[in-house]
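To be precise, the following lines are upload.txt, and they hold compact mmCIF, C-alpha atoms.
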```txt
# COMPACT_ATOMS: atom_id res chain seq x y z
CA MET A 152 -107.66 53.45 -13.62
CA ALA A 153 -111.17 53.09 -15.06
CA LYS A 154 -114.62 51.86 -14.08
CA ASN A 155 -116.29 48.72 -15.30
CA MET A 156 -120.00 48.44 -16.17
CA SER A 157 -120.85 47.91 -12.50
CA GLY A 158 -119.13 51.15 -11.56
CA ASN A 159 -116.24 49.44 -9.80
CA ILE A 160 -112.70 50.71 -10.33
CA VAL A 161 -110.56 48.26 -12.28
CA SER A 162 -106.94 48.30 -13.38
CA GLU A 163 -106.30 49.32 -17.00
CA SER A 164 -104.17 46.20 -17.43
CA PHE A 165 -107.31 44.06 -17.24
CA GLN A 166 -109.01 45.93 -20.06
CA ALA A 167 -109.00 44.94 -23.72
CA MET A 168 -108.44 48.55 -24.69
CA PRO A 169 -107.01 51.74 -23.21
CA SER A 170 -109.14 54.17 -21.24
CA GLU A 171 -110.60 57.07 -23.18
CA GLU A 172 -107.98 59.40 -21.72
CA VAL A 173 -105.08 57.17 -22.75
CA PHE A 174 -106.62 56.52 -26.18
CA ILE A 175 -106.62 60.27 -26.78
CA LEU A 176 -102.88 60.28 -26.10
CA PHE A 177 -102.33 57.57 -28.71
CA GLN A 178 -104.71 59.38 -31.05
CA ARG A 179 -102.65 62.58 -30.83
CA LEU A 180 -99.39 60.66 -31.20
CA VAL A 181 -100.48 58.92 -34.41
CA GLN A 182 -101.79 62.17 -35.84
CA LYS A 183 -98.58 64.01 -35.02
CA LYS A 184 -96.30 61.33 -36.45
CA LEU A 185 -98.33 60.18 -39.47
CA GLY A 186 -101.14 62.68 -39.94
CA ILE A 187 -103.66 59.87 -39.46
CA TYR A 188 -106.70 60.57 -37.29
CA LEU A 189 -107.99 57.58 -35.31
CA SER A 190 -111.69 57.90 -34.59
CA LYS A 191 -112.95 56.88 -31.15
CA GLN A 192 -114.38 53.73 -32.77
CA LYS A 193 -110.76 52.56 -33.22
CA ARG A 194 -110.13 52.29 -29.47
CA LEU A 195 -110.82 48.55 -29.30
CA MET A 196 -108.78 47.93 -32.46
CA LEU A 197 -105.84 49.81 -30.96
CA GLY A 198 -106.05 47.73 -27.80
CA HIS A 199 -106.09 44.45 -29.73
CA ARG A 200 -103.14 45.41 -31.90
CA LEU A 201 -100.94 46.59 -29.04
CA ALA A 202 -101.81 43.88 -26.50
CA LYS A 203 -99.01 41.57 -27.68
CA ARG A 204 -96.46 44.36 -27.43
CA LEU A 205 -97.50 45.05 -23.85
CA ALA A 206 -96.98 41.37 -23.09
CA LYS A 207 -93.68 41.25 -24.98
CA THR A 208 -92.28 44.28 -23.14
CA ASN A 209 -93.72 43.19 -19.77
CA ILE A 210 -95.63 46.45 -19.46
CA ALA A 211 -98.78 46.26 -17.38
CA SER A 212 -100.95 49.01 -18.88
CA PHE A 213 -101.53 51.05 -22.00
CA SER A 214 -100.66 54.25 -20.17
CA HIS A 215 -97.27 52.85 -19.15
CA TYR A 216 -96.71 51.60 -22.70
CA TYR A 217 -97.49 55.06 -24.06
CA ARG A 218 -94.84 56.59 -21.81
CA TYR A 219 -92.42 53.81 -22.77
CA ILE A 220 -92.65 54.39 -26.54
CA ASN A 221 -92.25 58.15 -26.07
CA SER A 222 -88.85 57.76 -24.44
CA PRO A 223 -86.04 58.60 -26.91
CA GLU A 224 -84.24 55.32 -26.19
CA ASN A 225 -87.33 53.35 -27.27
CA SER A 226 -87.74 54.84 -30.75
CA ALA A 227 -87.68 51.38 -32.35
CA GLU A 228 -90.65 50.31 -30.23
CA LEU A 229 -92.48 53.51 -31.17
CA GLU A 230 -91.99 52.72 -34.86
CA LEU A 231 -93.28 49.19 -34.32
CA ALA A 232 -96.33 50.45 -32.41
CA LEU A 233 -97.20 52.91 -35.18
CA GLU A 234 -96.92 50.15 -37.77
CA LEU A 235 -99.21 47.84 -35.78
CA ILE A 236 -101.79 50.57 -35.30
CA THR A 237 -101.94 51.65 -38.95
CA THR A 238 -101.63 48.36 -40.89
CA ASN A 239 -104.70 47.67 -43.05
CA GLU A 240 -105.67 44.43 -44.77
CA THR A 241 -106.39 44.53 -48.48
CA PHE A 242 -106.68 42.12 -51.41
CA PHE A 243 -106.01 41.80 -55.14
CA PHE A 244 -108.21 43.77 -57.56
CA ARG A 245 -110.08 45.52 -54.76
CA GLU A 246 -112.72 47.84 -56.27
CA PRO A 247 -112.48 46.15 -59.69
CA GLN A 248 -114.21 49.03 -61.51
CA HIS A 249 -110.97 50.98 -61.23
CA PHE A 250 -108.98 48.31 -63.00
CA ASP A 251 -111.64 48.00 -65.71
CA PHE A 252 -111.39 51.76 -66.30
CA LEU A 253 -107.60 51.62 -66.45
CA GLU A 254 -107.71 48.79 -68.98
CA LYS A 255 -110.57 49.96 -71.20
CA HIS A 256 -110.40 53.75 -71.06
CA ILE A 257 -106.90 54.90 -70.09
CA LEU A 258 -104.55 52.43 -71.76
CA PRO A 259 -106.09 52.67 -75.27
CA GLN A 260 -105.60 56.47 -75.26
CA LEU A 261 -101.93 56.43 -74.34
CA ASN A 262 -99.05 57.47 -76.57
CA PRO A 263 -97.09 54.23 -77.09
CA ASN A 264 -93.89 56.22 -77.60
CA LYS A 265 -94.07 57.71 -74.10
CA ALA A 266 -93.38 55.76 -70.92
CA PHE A 267 -96.48 55.30 -68.76
CA LYS A 268 -95.87 55.99 -65.06
CA VAL A 269 -98.10 54.91 -62.16
CA TRP A 270 -97.83 55.47 -58.41
CA SER A 271 -99.64 53.33 -55.83
CA ALA A 272 -99.35 55.92 -53.04
CA ALA A 273 -100.72 53.87 -50.14
CA SER A 274 -99.82 50.38 -51.25
CA SER A 275 -100.06 48.60 -47.89
CA THR A 276 -98.95 44.96 -48.36
CA GLY A 277 -98.74 45.30 -52.14
CA GLU A 278 -101.87 43.69 -53.54
CA GLU A 279 -102.94 46.91 -55.27
CA ALA A 280 -99.54 47.43 -56.87
CA TYR A 281 -99.32 43.83 -58.09
CA SER A 282 -102.86 44.06 -59.49
CA ILE A 283 -101.82 47.13 -61.51
CA ALA A 284 -98.60 45.44 -62.65
CA MET A 285 -100.45 42.32 -63.79
CA LEU A 286 -102.90 44.38 -65.80
CA LEU A 287 -100.17 46.46 -67.43
CA SER A 288 -98.09 43.38 -68.24
CA GLN A 289 -101.10 41.74 -69.87
CA HIS A 290 -102.66 44.68 -71.70
CA TYR A 291 -99.98 47.31 -72.37
CA GLN A 292 -97.05 46.64 -74.65
CA ALA A 293 -95.31 50.03 -74.41
CA PRO A 294 -92.85 50.91 -71.61
CA TRP A 295 -94.32 51.41 -68.15
CA SER A 296 -93.06 51.90 -64.62
CA LEU A 297 -94.78 51.46 -61.27
CA CYS A 298 -93.85 52.92 -57.90
CA ALA A 299 -95.54 51.72 -54.71
CA SER A 300 -95.12 53.34 -51.32
CA ASP A 301 -96.41 53.14 -47.78
CA VAL A 302 -95.46 54.75 -44.49
CA ASN A 303 -95.26 51.33 -42.85
CA LYS A 304 -91.88 49.58 -43.30
CA SER A 305 -93.17 46.14 -42.35
CA VAL A 306 -95.90 46.12 -45.01
CA ILE A 307 -93.40 47.28 -47.63
CA ASN A 308 -91.16 44.35 -46.71
CA HIS A 309 -94.19 42.07 -46.96
CA ALA A 310 -94.98 43.50 -50.39
CA LYS A 311 -91.45 42.93 -51.67
CA LYS A 312 -91.72 39.23 -50.76
CA GLY A 313 -95.02 38.91 -52.64
CA ILE A 314 -96.43 36.05 -50.54
CA TYR A 315 -100.17 36.06 -49.84
CA GLN A 316 -102.86 33.84 -48.40
CA ASN A 317 -105.28 32.51 -51.01
CA GLU A 318 -108.05 34.51 -49.36
CA ARG A 319 -106.35 37.73 -50.47
CA ALA A 320 -106.56 36.52 -54.10
CA LYS A 321 -110.31 35.82 -54.18
CA LEU A 322 -110.85 38.49 -56.88
CA LEU A 323 -107.66 37.71 -58.79
CA PRO A 324 -108.66 36.44 -62.27
CA GLN A 325 -107.51 32.90 -62.90
CA HIS A 326 -105.48 33.80 -65.99
CA TYR A 327 -103.53 36.37 -63.97
CA LYS A 328 -102.97 33.84 -61.21
CA GLU A 329 -101.61 31.31 -63.69
CA SER A 330 -99.41 33.83 -65.51
CA PHE A 331 -97.96 35.75 -62.59
CA CYS A 332 -98.18 33.60 -59.45
CA CYS A 333 -96.82 30.35 -58.06
CA LYS A 334 -98.92 28.06 -55.88
CA GLY A 335 -97.54 27.41 -52.42
CA ILE A 336 -96.66 23.90 -51.28
CA ASP A 337 -95.67 22.26 -47.97
CA GLU A 338 -95.51 24.97 -45.28
CA TYR A 339 -96.84 27.47 -47.84
CA GLN A 340 -99.94 25.43 -48.61
CA GLY A 341 -102.82 27.89 -48.96
CA TYR A 342 -100.56 30.69 -50.20
CA ILE A 343 -99.54 32.13 -53.54
CA ARG A 344 -96.36 34.01 -54.42
CA VAL A 345 -95.97 36.60 -57.14
CA LYS A 346 -93.32 35.49 -59.62
CA PRO A 347 -89.92 37.26 -59.49
CA ALA A 348 -90.26 38.76 -62.97
CA LEU A 349 -93.26 40.81 -61.86
CA ARG A 350 -91.92 41.61 -58.39
CA GLN A 351 -88.85 43.16 -59.99
CA ARG A 352 -90.97 45.52 -62.10
CA ILE A 353 -92.23 47.43 -59.04
CA ASN A 354 -90.26 49.97 -57.04
CA PHE A 355 -91.48 49.52 -53.45
CA PHE A 356 -90.33 52.13 -50.94
CA CYS A 357 -91.32 53.73 -47.64
CA PHE A 358 -92.86 57.17 -47.86
CA ASN A 359 -94.91 59.38 -45.56
CA LEU A 360 -97.58 61.30 -47.47
CA LEU A 361 -96.91 64.28 -45.21
CA ASP A 362 -93.33 64.55 -46.50
CA PRO A 363 -92.31 66.67 -49.54
CA MET A 364 -93.09 64.91 -52.82
CA GLU A 365 -90.95 66.94 -55.22
CA GLY A 366 -88.35 64.20 -55.59
CA LEU A 367 -90.86 61.57 -56.70
CA GLY A 368 -91.22 62.78 -60.28
CA GLN A 369 -94.37 62.97 -62.41
CA PHE A 370 -97.01 60.29 -62.93
CA ASP A 371 -99.82 59.64 -65.38
CA VAL A 372 -101.96 57.80 -62.83
CA ILE A 373 -101.95 57.88 -59.04
CA PHE A 374 -103.85 55.44 -56.85
CA ILE A 375 -104.38 56.76 -53.32
CA ARG A 376 -107.17 54.56 -52.02
CA ASN A 377 -108.45 53.73 -48.55
CA VAL A 378 -106.06 56.04 -46.74
CA MET A 379 -107.50 59.58 -46.84
CA ILE A 380 -110.46 58.46 -44.74
CA TYR A 381 -107.96 58.43 -41.85
CA PHE A 382 -106.98 62.09 -42.29
CA GLU A 383 -108.76 65.23 -41.18
CA ASP A 384 -109.76 67.81 -43.81
CA GLU A 385 -106.71 70.04 -43.37
CA THR A 386 -104.35 67.11 -43.93
CA ARG A 387 -106.43 65.77 -46.82
CA GLN A 388 -106.25 69.16 -48.49
CA ALA A 389 -102.47 69.30 -48.10
CA ILE A 390 -102.10 65.80 -49.55
CA ILE A 391 -104.38 66.52 -52.51
CA ASN A 392 -102.43 69.73 -53.23
CA ALA A 393 -99.15 67.80 -53.22
CA ILE A 394 -100.54 64.84 -55.18
CA SER A 395 -101.90 67.19 -57.84
CA LYS A 396 -98.41 68.48 -58.54
CA ARG A 397 -97.15 64.92 -59.07
CA LEU A 398 -99.77 64.24 -61.78
CA SER A 399 -99.34 65.11 -65.42
CA VAL A 400 -102.03 67.34 -66.91
CA ASN A 401 -104.99 65.10 -67.79
CA GLY A 402 -103.55 62.47 -65.45
CA TYR A 403 -105.92 60.31 -63.43
CA LEU A 404 -106.44 60.04 -59.69
CA PHE A 405 -108.10 57.00 -58.13
CA ILE A 406 -109.51 57.17 -54.60
CA SER A 407 -111.68 54.54 -52.92
CA HIS A 408 -115.47 54.48 -53.17
CA SER A 409 -115.62 55.15 -49.43
CA GLU A 410 -113.75 58.45 -49.93
CA THR A 411 -114.55 61.77 -51.54
CA LEU A 412 -112.91 65.04 -52.52
CA HIS A 413 -116.05 66.89 -51.49
CA GLY A 414 -115.23 69.94 -49.40
CA LEU A 415 -111.66 70.18 -50.73
CA GLU A 416 -110.29 72.72 -53.17
CA HIS A 417 -108.93 71.00 -56.26
CA LYS A 418 -108.72 71.10 -60.05
CA PHE A 419 -109.96 67.61 -60.77
CA GLU A 420 -112.87 66.63 -62.97
CA LEU A 421 -114.99 63.74 -61.71
CA ILE A 422 -115.03 61.10 -64.45
CA GLN A 423 -116.68 58.21 -62.61
CA PRO A 424 -117.29 57.53 -58.93
CA ALA A 425 -113.87 57.69 -57.22
CA ILE A 426 -112.06 58.44 -60.53
CA TYR A 427 -110.82 61.98 -61.26
CA ARG A 428 -108.82 63.64 -64.05
CA LEU A 429 -106.54 66.63 -63.55
CA GLN A 430 -107.53 69.44 -65.91
CA ALA A 431 -104.87 72.03 -65.17
CA ARG A 432 -101.68 72.31 -63.20
CA CYS A 433 -102.41 73.09 -59.55
CA LEU A 434 -100.29 75.98 -58.28
```

Rendering of file as structure tokens:
Amino acid sequence: MAKNMSGNIVSESFQAMPSEEVFILFQRLVQKKLGIYLSKQKRLMLGHRLAKRLAKTNIASFSHYYRYINSPENSAELELALELITTNETFFFREPQHFDFLEKHILPQLNPNKAFKVWSAASSTGEEAYSIAMLLSQHYQAPWSLCASDVNKSVINHAKKGIYQNERAKLLPQHYKESFCCKGIDEYQGYIRVKPALRQRINFFCFNLLDPMEGLGQFDVIFIRNVMIYFEDETRQAIINAISKRLSVNGYLFISHSETLHGLEHKFELIQPAIYRLQARCL
């Protein structure tokens, strides 16, 4: 139960978001399962994203839904709830300065006899990974490989399909669109789809950044953008430590312009805003 602005007690089922007490329960659950910290400003967002699931499961309140998804027999619903809560919208060539740096400063320095390996470590629905793949296909003739991961299974499945609303491609250069995408028709009017040849170049897989990374191999560049803002400092430090060990010496790390490594222990050199280079192997 909670109070409305008039001070009257109202049922939680009539609210657009959970009470503060119930939100804290969801907050702790998401942090325990995924390491992601939901600030109190996310309470309304959480309510909006879970409202349809409450209706679908015929559950009257957020508190009852919380108990429901924590029952062992409802693990599938828990997974779905976590995916709904943590899905983030993105678009092609977001933060274009990063792609300019990759094209103009990193690629020309590479050894063409050595395979170039990139990891998009929080790839969401795939726009970042496809942006990288388009750039490499266009500007790098030597062998390259690209891995793209996300904790959310549904966004990985979306990424593998490669179908996007035109709005997501507002920063996608026209020559890339013509070379690597098909225009949607009929029921897909207003959409584009990444061509199969490019989709097949990317290894999309589910991965939780809190899990051990030893089996992932080494990379020359790692993009981990717009995700660490959701972690607390202790978790961010653990992720940076693990990420550092996946980078080759002098490899590059890209974070978003809304993020920083300030306050963390690391062995990166700041090259440009949100672009770092590993100087020595982190132990």

| request: May I ask which of the residues A:Ser274, A:Ser300, A:Ser282, A:Asn262 is the closest one to Leu367 (chain A), counting all atoms listed in the file? | output: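 Under the stated criterion, the closest residue is A:Ser300.
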
| message | For a test of reading the model, state the distance in Å between CA of Tyr315 (chain A) and CA of Leu231 (chain A), rounded to one decimal. | response |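 Atom-to-atom, CA of Tyr315 (chain A) and CA of Leu231 (chain A) are spaced 21.5 Å apart.
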
| Using only C-alpha atoms, which residue out of A:Ile283, A:Cys298, A:Leu412, A:Val345 lies closest to Gln369 (chain A)? | A:Cys298

| message | Could you tell me how far CA of Ala320 (chain A) sits from CA of Gly335 (chain A), in Å to one decimal place? | response |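 Going from CA of Gly335 (chain A) over to CA of Ala320 (chain A) covers 12.9 Å.
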
| message | Calculated over all atoms listed in the file, which of the candidates A:Phe405, A:Tyr381, A:Trp295, A:Phe252 has the smallest distance to Gln178 (chain A)? | response |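 Looking at the shortest contact to Gln178 (chain A), the residue is A:Tyr381.
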
Can you list every residue of region 161-259 of chain A that has an atom at most 12 Å from region 263-267 of chain A, with its nearest atom pair and the distance in Å to one decimal, using all atoms listed in the file, ordered by chain then number, as JSON lines?
```
{"residue": "A:Leu253", "atom": "CA", "partner": "A:Phe267", "partner_atom": "CA", "distance": 11.9}
{"residue": "A:Ile257", "atom": "CA", "partner": "A:Phe267", "partner_atom": "CA", "distance": 10.5}
{"residue": "A:Leu258", "atom": "CA", "partner": "A:Phe267", "partner_atom": "CA", "distance": 9.1}
{"residue": "A:Pro259", "atom": "CA", "partner": "A:Pro263", "partner_atom": "CA", "distance": 9.3}
```

| Near-Thr237 (chain A) list (9 Å; all atoms listed in the file; drop same-chain fewer than 5 positions) as a list in words |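 After dropping sequence-adjacent residues, the list is Val181, Ile187, Ala232 and Asn303 of chain A.
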
| query | In Å, how far is it from CA of Leu415 (chain A) to CA of Gln182 (chain A)? | reply | 19.6 Å

| message | Taking all atoms listed in the file into account, name the residue in A:Arg179, A:Arg319, A:Lys184, A:His417 that is nearest to Leu360 (chain A). | response |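 Result for the nearest residue to Leu360 (chain A): A:Lys184.
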
| task | Check the smallest atom-to-atom distance from each of A:Phe213, A:Phe244, A:Trp270, A:Tyr342 to Leu286 (chain A) using only C-alpha atoms, then report the winner. | result | A:Phe244

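The smallest atom-to-atom distance between Leu297 (chain A) and any of A:Ile390, A:Val372, A:Ala310, A:Ile343, using only C-alpha atoms, is found for A:Val372.
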
| Leaving out Ile353 (chain A) and any residue of its chain fewer than 3 positions from it, which residues lie within 9 Å of it when counting all atoms listed in the file, given as a PyMOL selection string? | chain A and resi 280-281+284+296-299+311+349-350

For His256 (chain A), please output as an mmCIF file with C-alpha atoms, keeping the file's coordinate frame all residues within 12 Å (counting all atoms listed in the file; exclusion window: fewer than 4 positions along the same chain).
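Final output, part36.cif:
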```
data_model
loop_
_atom_site.group_PDB
_atom_site.id
_atom_site.type_symbol
_atom_site.label_atom_id
_atom_site.label_comp_id
_atom_site.auth_asym_id
_atom_site.auth_seq_id
_atom_site.Cartn_x
_atom_site.Cartn_y
_atom_site.Cartn_z
ATOM 1 C CA GLN A 248 -114.210 49.030 -61.510
ATOM 2 C CA HIS A 249 -110.970 50.980 -61.230
ATOM 3 C CA PHE A 250 -108.980 48.310 -63.000
ATOM 4 C CA ASP A 251 -111.640 48.000 -65.710
ATOM 5 C CA PHE A 252 -111.390 51.760 -66.300
ATOM 6 C CA GLN A 260 -105.600 56.470 -75.260
ATOM 7 C CA LEU A 261 -101.930 56.430 -74.340
ATOM 8 C CA HIS A 290 -102.660 44.680 -71.700
ATOM 9 C CA TYR A 403 -105.920 60.310 -63.430
ATOM 10 C CA ILE A 422 -115.030 61.100 -64.450
ATOM 11 C CA GLN A 423 -116.680 58.210 -62.610
ATOM 12 C CA ILE A 426 -112.060 58.440 -60.530
#
```
